[in-house]
Amino acid sequence: MQTQVSQELLKIISYARDEAMRTGDYAISTDHLLLGILRHADNDACASLKALGVDLAELKTTVEGSLFRPSGIAYSEADKLSFSRSAQNTLNLCIIEATMSGADKIFSTHLMLAIAGSSGSVGLGYLKSMGIDHSSLSAYMKQNGLLAAKSVDAQESAAATQPMSILRIISSPDKIVS
């Protein structure tokens, strides 16, 4: 069985690509994935972080402060972006998180848990300084039913695109549409 990516996660990954371009980085990093979650904002991952006491604006400012380069990347150069090794590993961890929760699609909560289970990102350092790690985040999400398999919502069922696997996303980030 192949775990598919939800429309929510496709949007977040598209935002992560935009964030990499905005911050002037040709490599989409784990921190760019976190910025994508924060930019999407209306998702269970952000709701979980807020409920655990994270100031999302401060988290965004902290992560951005470590990423900005002197200039952004033009949209004409978007095809030159790729995922960093750490971001590839994080996206692969999404599959494991979704599988462990019994979901057939990967959502923002699975990505947030994958980020919390990764290493070396500024965002993760910030969360750890707040006392939030994979274990505490997972416990909160399980307790509040945020990891259970979700039914497809109306927006997702109305989407005309074919389901996309996470491996296709990693191998072709330029094909991600918003």
# chains A, B, ... in the order shown; residues from 1 in each chain; ligands from 1

$ residues_around --residues "Ile28 (chain A)" --least-positions-apart "5" --cutoff "7 Å" --atoms "only C-alpha atoms" --output "list in words"
Ala16, Arg17, Ala20, Leu81, Ser82, Phe83, Ser84 and Ala87 of chain A

$ write_last_selection --atoms "all heavy atoms" --output "PDB file, in the first residue's frame"
ATOM      1  N   ALA A  16       6.518  25.713   1.452  1.00  0.00           N
ATOM      2  CA  ALA A  16       7.920  25.515   1.837  1.00  0.00           C
ATOM      3  C   ALA A  16       8.840  25.883   0.681  1.00  0.00           C
ATOM      4  O   ALA A  16       9.884  26.519   0.883  1.00  0.00           O
ATOM      5  CB  ALA A  16       8.157  24.074   2.277  1.00  0.00           C
ATOM      6  N   ARG A  17       8.452  25.507  -0.520  1.00  0.00           N
ATOM      7  CA  ARG A  17       9.238  25.888  -1.705  1.00  0.00           C
ATOM      8  C   ARG A  17       9.276  27.411  -1.846  1.00  0.00           C
ATOM      9  O   ARG A  17      10.324  28.006  -2.071  1.00  0.00           O
ATOM     10  CB  ARG A  17       8.636  25.259  -2.963  1.00  0.00           C
ATOM     11  CG  ARG A  17       9.444  25.598  -4.222  1.00  0.00           C
ATOM     12  CD  ARG A  17       8.704  25.281  -5.479  1.00  0.00           C
ATOM     13  NE  ARG A  17       7.505  26.097  -5.517  1.00  0.00           N
ATOM     14  CZ  ARG A  17       6.484  25.893  -6.319  1.00  0.00           C
ATOM     15  NH1 ARG A  17       6.490  24.889  -7.146  1.00  0.00           N
ATOM     16  NH2 ARG A  17       5.446  26.683  -6.299  1.00  0.00           N
ATOM     17  N   ALA A  20      11.603  28.865   0.712  1.00  0.00           N
ATOM     18  CA  ALA A  20      13.009  28.701   0.333  1.00  0.00           C
ATOM     19  C   ALA A  20      13.403  29.780  -0.668  1.00  0.00           C
ATOM     20  O   ALA A  20      14.466  30.394  -0.553  1.00  0.00           O
ATOM     21  CB  ALA A  20      13.252  27.306  -0.246  1.00  0.00           C
ATOM     22  N   LEU A  81      15.418  24.441  -7.563  1.00  0.00           N
ATOM     23  CA  LEU A  81      15.307  24.088  -6.153  1.00  0.00           C
ATOM     24  C   LEU A  81      15.227  22.574  -5.985  1.00  0.00           C
ATOM     25  O   LEU A  81      14.695  21.872  -6.843  1.00  0.00           O
ATOM     26  CB  LEU A  81      14.053  24.711  -5.542  1.00  0.00           C
ATOM     27  CG  LEU A  81      14.210  26.085  -4.919  1.00  0.00           C
ATOM     28  CD1 LEU A  81      14.450  27.120  -5.977  1.00  0.00           C
ATOM     29  CD2 LEU A  81      13.010  26.428  -4.094  1.00  0.00           C
ATOM     30  N   SER A  82      15.739  22.103  -4.869  1.00  0.00           N
ATOM     31  CA  SER A  82      15.634  20.690  -4.522  1.00  0.00           C
ATOM     32  C   SER A  82      15.528  20.580  -3.003  1.00  0.00           C
ATOM     33  O   SER A  82      15.779  21.544  -2.290  1.00  0.00           O
ATOM     34  CB  SER A  82      16.840  19.912  -5.044  1.00  0.00           C
ATOM     35  OG  SER A  82      18.018  20.400  -4.433  1.00  0.00           O
ATOM     36  N   PHE A  83      15.162  19.414  -2.538  1.00  0.00           N
ATOM     37  CA  PHE A  83      15.086  19.182  -1.102  1.00  0.00           C
ATOM     38  C   PHE A  83      16.476  18.843  -0.569  1.00  0.00           C
ATOM     39  O   PHE A  83      17.211  18.067  -1.184  1.00  0.00           O
ATOM     40  CB  PHE A  83      14.128  18.031  -0.788  1.00  0.00           C
ATOM     41  CG  PHE A  83      12.693  18.377  -1.013  1.00  0.00           C
ATOM     42  CD1 PHE A  83      12.066  18.068  -2.204  1.00  0.00           C
ATOM     43  CD2 PHE A  83      11.967  19.021  -0.029  1.00  0.00           C
ATOM     44  CE1 PHE A  83      10.741  18.395  -2.414  1.00  0.00           C
ATOM     45  CE2 PHE A  83      10.645  19.347  -0.225  1.00  0.00           C
ATOM     46  CZ  PHE A  83      10.021  19.038  -1.427  1.00  0.00           C
ATOM     47  N   SER A  84      16.809  19.411   0.584  1.00  0.00           N
ATOM     48  CA  SER A  84      18.054  19.040   1.260  1.00  0.00           C
ATOM     49  C   SER A  84      17.919  17.595   1.745  1.00  0.00           C
ATOM     50  O   SER A  84      16.812  17.048   1.813  1.00  0.00           O
ATOM     51  CB  SER A  84      18.304  19.968   2.451  1.00  0.00           C
ATOM     52  OG  SER A  84      17.340  19.728   3.468  1.00  0.00           O
ATOM     53  N   ALA A  87      15.632  17.437   4.706  1.00  0.00           N
ATOM     54  CA  ALA A  87      14.218  17.574   4.348  1.00  0.00           C
ATOM     55  C   ALA A  87      13.700  16.283   3.708  1.00  0.00           C
ATOM     56  O   ALA A  87      12.564  15.870   3.973  1.00  0.00           O
ATOM     57  CB  ALA A  87      14.007  18.758   3.411  1.00  0.00           C
TER      58      ALA A  87
END

$ residues_around --residues "Ala98 (chain A)" --least-positions-apart "4" --cutoff "12 Å" --atoms "only C-alpha atoms" --output "PyMOL selection string"
chain A and resi 2-6+91-94+102-114+138+146-150+166

$ residues_around --residues "Tyr140 (chain A)" --least-positions-apart "5" --cutoff "10 Å" --atoms "only C-alpha atoms" --output "NGL selection string"
:A and (48-49 or 51-52 or 134-135 or 145-147)

$ closest_residue --among "A:Val122, A:Leu56, A:Ala74, A:Met130" --to "Asp31 (chain A)" --atoms "only C-alpha atoms"
A:Val122

$ closest_residue --among "A:Val63, A:Ala27, A:Ile12, A:Ala47" --to "Met141 (chain A)" --atoms "only C-alpha atoms"
A:Ala47

$ closest_residue --among "A:Asp18, A:Val54, A:Ile95, A:Ile115" --to "Gly72 (chain A)" --atoms "only C-alpha atoms"
A:Asp18

$ atom_distance --atom1 "CA of Arg69 (chain A)" --atom2 "CA of Asp25 (chain A)"
7.2 Å

$ closest_residue --among "A:Ser101, A:Ser66, A:Asn89, A:Asn43" --to "Lys11 (chain A)" --atoms "only C-alpha atoms"
A:Asn43

$ atom_distance --atom1 "CA of Leu35 (chain A)" --atom2 "CA of Glu8 (chain A)"
14.2 Å

$ closest_residue --among "A:Leu33, A:Leu124, A:Met21, A:Leu67" --to "Leu137 (chain A)" --atoms "only C-alpha atoms"
A:Leu124

$ residues_around --residues "Lys60 (chain A)" --least-positions-apart "2" --cutoff "9 Å" --atoms "only C-alpha atoms" --output "ChimeraX atom specification"
/A:34-35,38-39,55-58,62-65,123

$ atom_distance --atom1 "CA of Ala78 (chain A)" --atom2 "CA of Thr23 (chain A)"
12.9 Å

$ select_by_dssp --residues "region 6-172 of chain A" --states "helix (DSSP H, G or I)" --output "MDAnalysis selection string"
chainID A and resid 7:23 30:40 44:51 56:67 75:80 85:101 108:116 122:129 134:143 154:158 166:171
